[in-house]
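Undergrad: First the structure, then my questions, so here it is.
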Amino acid sequence: MEQATRTQTQASRPFDMDVKAIRAKARKDIESGAVTDTYRADRQTVLKLLNEALATEIVCVLRYKRHYFMARGLNAEPVAAEFAEHATQEQDHADRLSERIVQLGGAPDLSPKGLLERSHSEYVEGTSLEDMIKENLIAERIAIDSYRQMIEYIGEQDTTTRRLLEEILAVEEEHADDMSDFLAKR
């Protein structure tokens, strides 16, 4: 109800933009790049969350790559192919997160030192194809809940970061569904 009232109020007033003020502000603090004084989120917290997400994605890349190379047994070929595809997609997530970190004036933490401590997911090798599938499903479920909490925290304060996290979340949900399907077929 409150949202409907707010939308009606916004629709009833004319849109007015002070272009001169926007231009003047844009010339100020240009070393801040994409971060303007209208950025509402706690940038340091967002950078910390993004670096944790980055570490999580890197750990997922490494786990999926190992599982791709170690997949053996009957019906291992399609599962291994899925592991390889997921590794590529997780690397894309890491790249996109790194780009956003830089846009926000931070530095992507790609150091292997402390990688597992920064990551939300774990690196579990698995001894059988079924174990590998389960470990990847567990990791995807961890990523799903982590991304949801980050999205909820960021809310409307940083729509670009929120949108990026939502896009990554959608892929993580697909990955979990893929792993769940493989378990159902066993």
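Chain labels A, B, ... are given in the sequence in which chains occur in the structure tokens; within each chain residues are numbered consecutively from 1, and ligands are likewise numbered from 1 in the order shown.
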Could you give me, as an MDAnalysis selection string, the residues within 10 Å of Ser128 in chain A, counting only C-alpha atoms and dropping anything in the same chain fewer than 6 positions from it?

TA: chainID A and resid 67 70:73 134

Undergrad: Excluding same-chain residues fewer than 4 positions from Leu129 in chain A, what lies within 12 Å of it counting only C-alpha atoms, as a list in words?

TA: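 In the requested format, the answer is Tyr64, Arg66, His67, Tyr68, Phe69, Met70, Ala71, Arg72, Gly73, Leu74, Asn75, Ala76, Glu77, Pro78, Val79, Ala80, Phe83, Glu125, Ile133, Lys134, Glu135, Asn136, Met179, Phe182, Leu183 and Arg186 of chain A.
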
Undergrad: Tell me which protein, DNA and RNA residues are within 12 Å of Tyr123 in chain A, counting only C-alpha atoms, leaving out same-chain ones fewer than 6 positions away, and put them as a ChimeraX atom specification.

TA: /A:55-67,115-117,132,135-136,138-140

Undergrad: Leaving out Ala53 in chain A and any residue of its chain fewer than 6 positions from it, which residues lie within 10 Å of it when counting only C-alpha atoms, given as a ChimeraX atom specification?

TA: /A:47,59,93-94,97-98,118-121,143,146-147,150,165

Undergrad: Got time to write the residues from that selection, N, CA and C atoms, as a PDB file, in the first residue's frame?

TA:
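The resulting out_2.pdb:
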```pdb
ATOM      1  N   LEU A  47      32.737  -3.338  -0.672  1.00  0.00           N
ATOM      2  CA  LEU A  47      34.006  -3.871  -1.195  1.00  0.00           C
ATOM      3  C   LEU A  47      34.404  -5.154  -0.469  1.00  0.00           C
ATOM      4  N   VAL A  59      37.418 -20.129  -5.499  1.00  0.00           N
ATOM      5  CA  VAL A  59      37.418 -21.469  -4.906  1.00  0.00           C
ATOM      6  C   VAL A  59      36.518 -22.396  -5.725  1.00  0.00           C
ATOM      7  N   HIS A  93      32.140 -14.922 -13.380  1.00  0.00           N
ATOM      8  CA  HIS A  93      31.645 -14.214 -12.189  1.00  0.00           C
ATOM      9  C   HIS A  93      32.800 -13.518 -11.481  1.00  0.00           C
ATOM     10  N   ALA A  94      33.921 -14.218 -11.319  1.00  0.00           N
ATOM     11  CA  ALA A  94      35.092 -13.630 -10.653  1.00  0.00           C
ATOM     12  C   ALA A  94      35.567 -12.393 -11.407  1.00  0.00           C
ATOM     13  N   LEU A  97      33.042  -9.532 -10.846  1.00  0.00           N
ATOM     14  CA  LEU A  97      33.169  -9.007  -9.489  1.00  0.00           C
ATOM     15  C   LEU A  97      34.420  -8.144  -9.365  1.00  0.00           C
ATOM     16  N   SER A  98      35.524  -8.595  -9.959  1.00  0.00           N
ATOM     17  CA  SER A  98      36.766  -7.818  -9.930  1.00  0.00           C
ATOM     18  C   SER A  98      36.578  -6.458 -10.598  1.00  0.00           C
ATOM     19  N   ARG A 118      38.548 -16.238   3.162  1.00  0.00           N
ATOM     20  CA  ARG A 118      37.670 -15.212   2.601  1.00  0.00           C
ATOM     21  C   ARG A 118      36.461 -15.820   1.896  1.00  0.00           C
ATOM     22  N   SER A 119      36.618 -17.027   1.402  1.00  0.00           N
ATOM     23  CA  SER A 119      35.557 -17.692   0.635  1.00  0.00           C
ATOM     24  C   SER A 119      34.442 -18.168   1.548  1.00  0.00           C
ATOM     25  N   HIS A 120      33.219 -18.076   1.068  1.00  0.00           N
ATOM     26  CA  HIS A 120      32.085 -18.622   1.811  1.00  0.00           C
ATOM     27  C   HIS A 120      31.983 -20.124   1.591  1.00  0.00           C
ATOM     28  N   SER A 121      32.375 -20.593   0.405  1.00  0.00           N
ATOM     29  CA  SER A 121      32.308 -22.033   0.129  1.00  0.00           C
ATOM     30  C   SER A 121      33.642 -22.686   0.502  1.00  0.00           C
ATOM     31  N   ALA A 143      26.599 -20.500  -1.910  1.00  0.00           N
ATOM     32  CA  ALA A 143      26.685 -19.285  -2.728  1.00  0.00           C
ATOM     33  C   ALA A 143      25.310 -18.633  -2.874  1.00  0.00           C
ATOM     34  N   SER A 146      24.470 -16.878   0.335  1.00  0.00           N
ATOM     35  CA  SER A 146      25.370 -15.736   0.512  1.00  0.00           C
ATOM     36  C   SER A 146      24.961 -14.579  -0.392  1.00  0.00           C
ATOM     37  N   TYR A 147      24.725 -14.871  -1.671  1.00  0.00           N
ATOM     38  CA  TYR A 147      24.333 -13.812  -2.602  1.00  0.00           C
ATOM     39  C   TYR A 147      22.991 -13.200  -2.201  1.00  0.00           C
ATOM     40  N   MET A 150      23.649 -10.780   0.587  1.00  0.00           N
ATOM     41  CA  MET A 150      24.325  -9.579   0.095  1.00  0.00           C
ATOM     42  C   MET A 150      23.340  -8.666  -0.635  1.00  0.00           C
ATOM     43  N   LEU A 165      24.958  -8.877  -8.607  1.00  0.00           N
ATOM     44  CA  LEU A 165      24.795 -10.008  -7.694  1.00  0.00           C
ATOM     45  C   LEU A 165      23.554 -10.825  -8.035  1.00  0.00           C
TER      46      LEU A 165
END
```

Undergrad: Using only C-alpha atoms, what table do you get, as JSON lines, when you list each residue of range 86-107 of chain A with an atom no more than 12 Å from range 15-36 of chain A, its nearest pair of atoms, and their distance in Å rounded to one decimal, rows by chain then rising number?

TA:
```
{"residue": "A:Glu99", "atom": "CA", "partner": "A:Ala34", "partner_atom": "CA", "distance": 11.8}
{"residue": "A:Arg100", "atom": "CA", "partner": "A:Ala34", "partner_atom": "CA", "distance": 10.0}
{"residue": "A:Ile101", "atom": "CA", "partner": "A:Ala34", "partner_atom": "CA", "distance": 11.0}
{"residue": "A:Val102", "atom": "CA", "partner": "A:Ala34", "partner_atom": "CA", "distance": 9.5}
{"residue": "A:Gln103", "atom": "CA", "partner": "A:Ala34", "partner_atom": "CA", "distance": 6.0}
{"residue": "A:Leu104", "atom": "CA", "partner": "A:Val35", "partner_atom": "CA", "distance": 6.0}
{"residue": "A:Gly105", "atom": "CA", "partner": "A:Ser32", "partner_atom": "CA", "distance": 6.9}
{"residue": "A:Gly106", "atom": "CA", "partner": "A:Ser32", "partner_atom": "CA", "distance": 10.6}
```

Undergrad: For Leu169 in chain A, work out the shell of residues within 9 Å, counting only C-alpha atoms and skipping chain neighbours fewer than 2 positions away, then give it as an MDAnalysis selection string.

TA: chainID A and resid 143:145 147:148 164:167 171:174

Undergrad: Enumerate, as a PyMOL selection string, the complete set of residues in range 18-164 of chain A that a backbone-based DSSP assignment places in helix (DSSP H, G or I).

TA: chain A and resi 19-27+30-32+43-70+76-103+115-118+129-154+159-164
